[in-house]
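Note sheet for the following structure.
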Amino acid sequence: MTSVTSASPERDPGRLTRPRAKQAVKETADAPDALTVGRRVRHVRQEAGRTLGDVAEAVGMSTSALSLIENGKREPRLSVISALAAELDTPLSDLLSTAPPSRRAALEIRLERAQRLPSYEALGLPRVKVSPRLPTEALEALVGMHEAMASARADSAATPEHARRANAQLRERMRAADNYFGDIEEEAGKLLAAIHHPGGPISRAAVDRIAAHLGYKLVHTSDLPGSTRTVTDLHNHRIYLPQPEAGQHDSRSLALHAVGHLILGHQPPADYAEFLSQRVEINYFAAALLMPEHETVDFLRRAKADKDIAIEDLRDAYAVSYETAAHRFTNLATRHLGLPVHFMRISQDGVVYKAYENDGVRFPADPTGAIEGQRVCRSWTARRIFEQPDLSQAYQAYTDTRSGTYWCTAVVDRTKDGLFAVNVGVPYQHVKWMRGRETTERAVSRCPDPSCCNQPPGALAARWSGQAWPSARVHSHLLAAMPPGVFPGVDDTEVYRFLERHASTGV
Ligand SMILES: [Zn+2]
């Protein structure tokens with residue numbers, strides 16, 4: 001935002017607060033910008049029936065200089081505006097008003113501003129000259145299109161609030177479907193039939209056969225772009241994966257995620273919400289292949305008949321991570337076993353990274369309904385596990401909450417980013433099917449009552465309130481806006497260079 005240059009332009013660039021200067025023009029928060037001043041000057045001059053050259057000469061400046069001022073391309077000094085006001089016989093305040101002099105002028109100003117934005121320049125399109133000859137209709141159409149584009153950009157740019165709303169909406173959809181997606185199960189089932197999978201865990205060789213069935217080849221490489229987990233070459237039909245030892249991701253899952261995008265017909269995401277849905281879908285798709293619906297349901301039904309359902313058995317039977325097994329359990333538990341469930345992954349300090357529920361458990365939420373980034377109650381099993389002497393053991397406990405009593409089982413997941421708890425829980429009336437229900441661990445959670453665990457104890461608060469100034473560590477990944485680029489967070493240049501390099505070497 002430019003402001004009118006006044007007589008003494010000293011400013012201390014090292015200061016955040018502005019020095020208390022005398023110039024009223026500069027100090028008013030809504031000082032007019034050069035474009036508005038210029039349009040007002042032109043308006044008053046034309047009303048007075050004066051020509052550009054005539055007025056310029058009278059105030060002692062060149063015609064082109066006055067034209068630059070009227071077009072908002074030069075910031076007039078206050079002394080110049082005063083001279084113009086005197087010459088045009090109008091109050092100075094009239095020329096310095098922030099209101100455009102007419103509707104036409106307002107449109108002209110909006111178009112000028114829109115055309116000066118870097119986002120417009122990036123399109124490489126010509127600037128339309130905003131002259132009196134431009135029909136008002138054309139002016140109106142251009143301004144309308146610029147502003148519609150800007151609002152579409154704002155929608156897809158996903159501010160943290162957009163991201164949070166998109167997350168909340170997605171969770172609502174998952175909840176409504178009991179986290180079961182029949183069409184994805186069906187696609188996974190068809191692929192398994194196509195490769196004649198005999199049942200049991202999917203081997204890496206089976207993943208190769210799935211890719212081959214689709215006409216793709218899996219290629220391991222050590223130079224994947226840093227911003228990607230896998231890259232698919234749609235032209236040469238290759239899926240590039242990191243070296244198996246490079247990441248901690250199971251390369252079967254990574255390959256199946258990449259295959260998922262192909263099978264599910266994903267297009268480059270139009271906005272953050274679509275990006276999130278695609279992530280959920282490929283995760284679901286990979287899990288549906290790693291733990292096929294029919295045999296996994298049989299497995300869980302037998303466990304239920306024995307009143308011995310355990311996530312770790314599912315993990316071991318299908319050679320997947322505990323989190324993958326726990327998540328898969330939520331897909332099938334309600335639909336096929338009639339069990340409402342909840343699931344969460346939280347950091348050691350209690351912050352929610354992923355969560356799902358259809359059993360009425362109340363996750364803490366912000367006003368947009370988003371729960372990612374919120375802190376769960378200290379009494380919840382997922383947090384109490386960190387207080388146990390042996391973090392390698394699963395921990396089970398009952399928790400009385402305001403929405404009822406739940407039984408939960410949690411494990412600690414060690415990652416390079418720290419410790420996380422992965423937690424699965426069911427309401428009390430369904431605990432009879434679960435292994436570990438004999439636990440005597442119990443806790444009471446009164447959250448969201450602030451006196452439960454959000455408010456510091458009275459004596460402590462009395463001593464330290466007002467005496468502490470912590471600097472917060474921001475959970476940037478949870479708050480981040482959708483990064484720019486067709487694929488959020490991915491450096492397109494890096495990816496194209498990578499593909500170029502590999503396409504020419506043949507691998
Ligand atoms: Zn609490």
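Labeling convention for the structure tokens: chains A, B, ... as they appear, residues from 1 per chain, ligands from 1 in order of appearance.
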
**Message:** Which residues are near ligand 1 in this structure, taking near to mean any atom at most 7 Å from a ligand atom and counting only C-alpha atoms and all ligand atoms? Format them as an MDAnalysis selection string.
**Reply:** chainID A and resid 377:379 445:448 452:454

Apply DSSP to the backbone of this structure and, from segment 278-415 of chain A, keep only the residues in strand (DSSP E or B); write these as a tab-separated table (two decimals) with C-alpha atoms, in the first residue's frame.
chain	number	residue	atom	x	y	z
A	309	ILE	CA	-10.07	-59.17	19.43
A	342	HIS	CA	-12.51	-44.54	18.01
A	343	PHE	CA	-8.94	-44.18	16.89
A	344	MET	CA	-6.29	-41.56	17.44
A	345	ARG	CA	-2.65	-40.86	16.92
A	346	ILE	CA	-1.25	-38.25	19.28
A	347	SER	CA	2.20	-36.91	20.04
A	351	VAL	CA	-1.51	-33.16	20.36
A	352	VAL	CA	-3.89	-34.91	17.94
A	353	TYR	CA	-2.37	-35.82	14.58
A	354	LYS	CA	-5.10	-38.15	13.37
A	355	ALA	CA	-8.38	-39.11	14.91
A	356	TYR	CA	-11.62	-40.82	14.02
A	357	GLU	CA	-14.67	-41.79	16.04
A	375	ARG	CA	-4.61	-31.49	22.95
A	395	TYR	CA	-1.46	-50.30	27.74
A	396	GLN	CA	-5.17	-50.75	28.43
A	397	ALA	CA	-7.41	-48.67	30.64
A	398	TYR	CA	-10.99	-47.62	31.25
A	399	THR	CA	-11.78	-43.94	31.18
A	400	ASP	CA	-14.96	-42.33	32.47
A	401	THR	CA	-15.72	-39.32	30.30
A	404	GLY	CA	-19.61	-42.37	28.81
A	405	THR	CA	-17.05	-44.93	29.78
A	406	TYR	CA	-14.59	-46.19	27.17
A	407	TRP	CA	-12.01	-48.92	27.15
A	408	CYS	CA	-8.87	-48.17	25.17
A	409	THR	CA	-5.73	-49.95	24.16
A	410	ALA	CA	-2.68	-47.91	23.17
A	411	VAL	CA	0.86	-48.53	22.00
A	412	VAL	CA	3.82	-46.19	21.67
A	413	ASP	CA	5.16	-45.65	18.18
A	414	ARG	CA	8.80	-44.52	18.04
A	415	THR	CA	9.59	-42.35	15.01

**Residues near Pro364 of chain A, cut-off 7 Å, only C-alpha atoms, skip fewer than 3 positions along chain, as JSON, numbers by chain** = {"A": [371, 374, 375, 376]}

**Prompt:** Of the candidates A:Thr36, A:Ser131, A:Ser62, A:Ser67, which shows the shortest atom-to-atom distance to Pro100 of chain A, using only C-alpha atoms?
**Reply:**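 Nearest candidate to Pro100 of chain A out of A:Thr36, A:Ser131, A:Ser62, A:Ser67: A:Thr36.
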
**Item:** Point-to-point distance in Å for atom CA of Lys304 of chain A and atom CA of Tyr180 of chain A
**Value:**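 Separation of atom CA of Tyr180 of chain A and atom CA of Lys304 of chain A: 18.9 Å.
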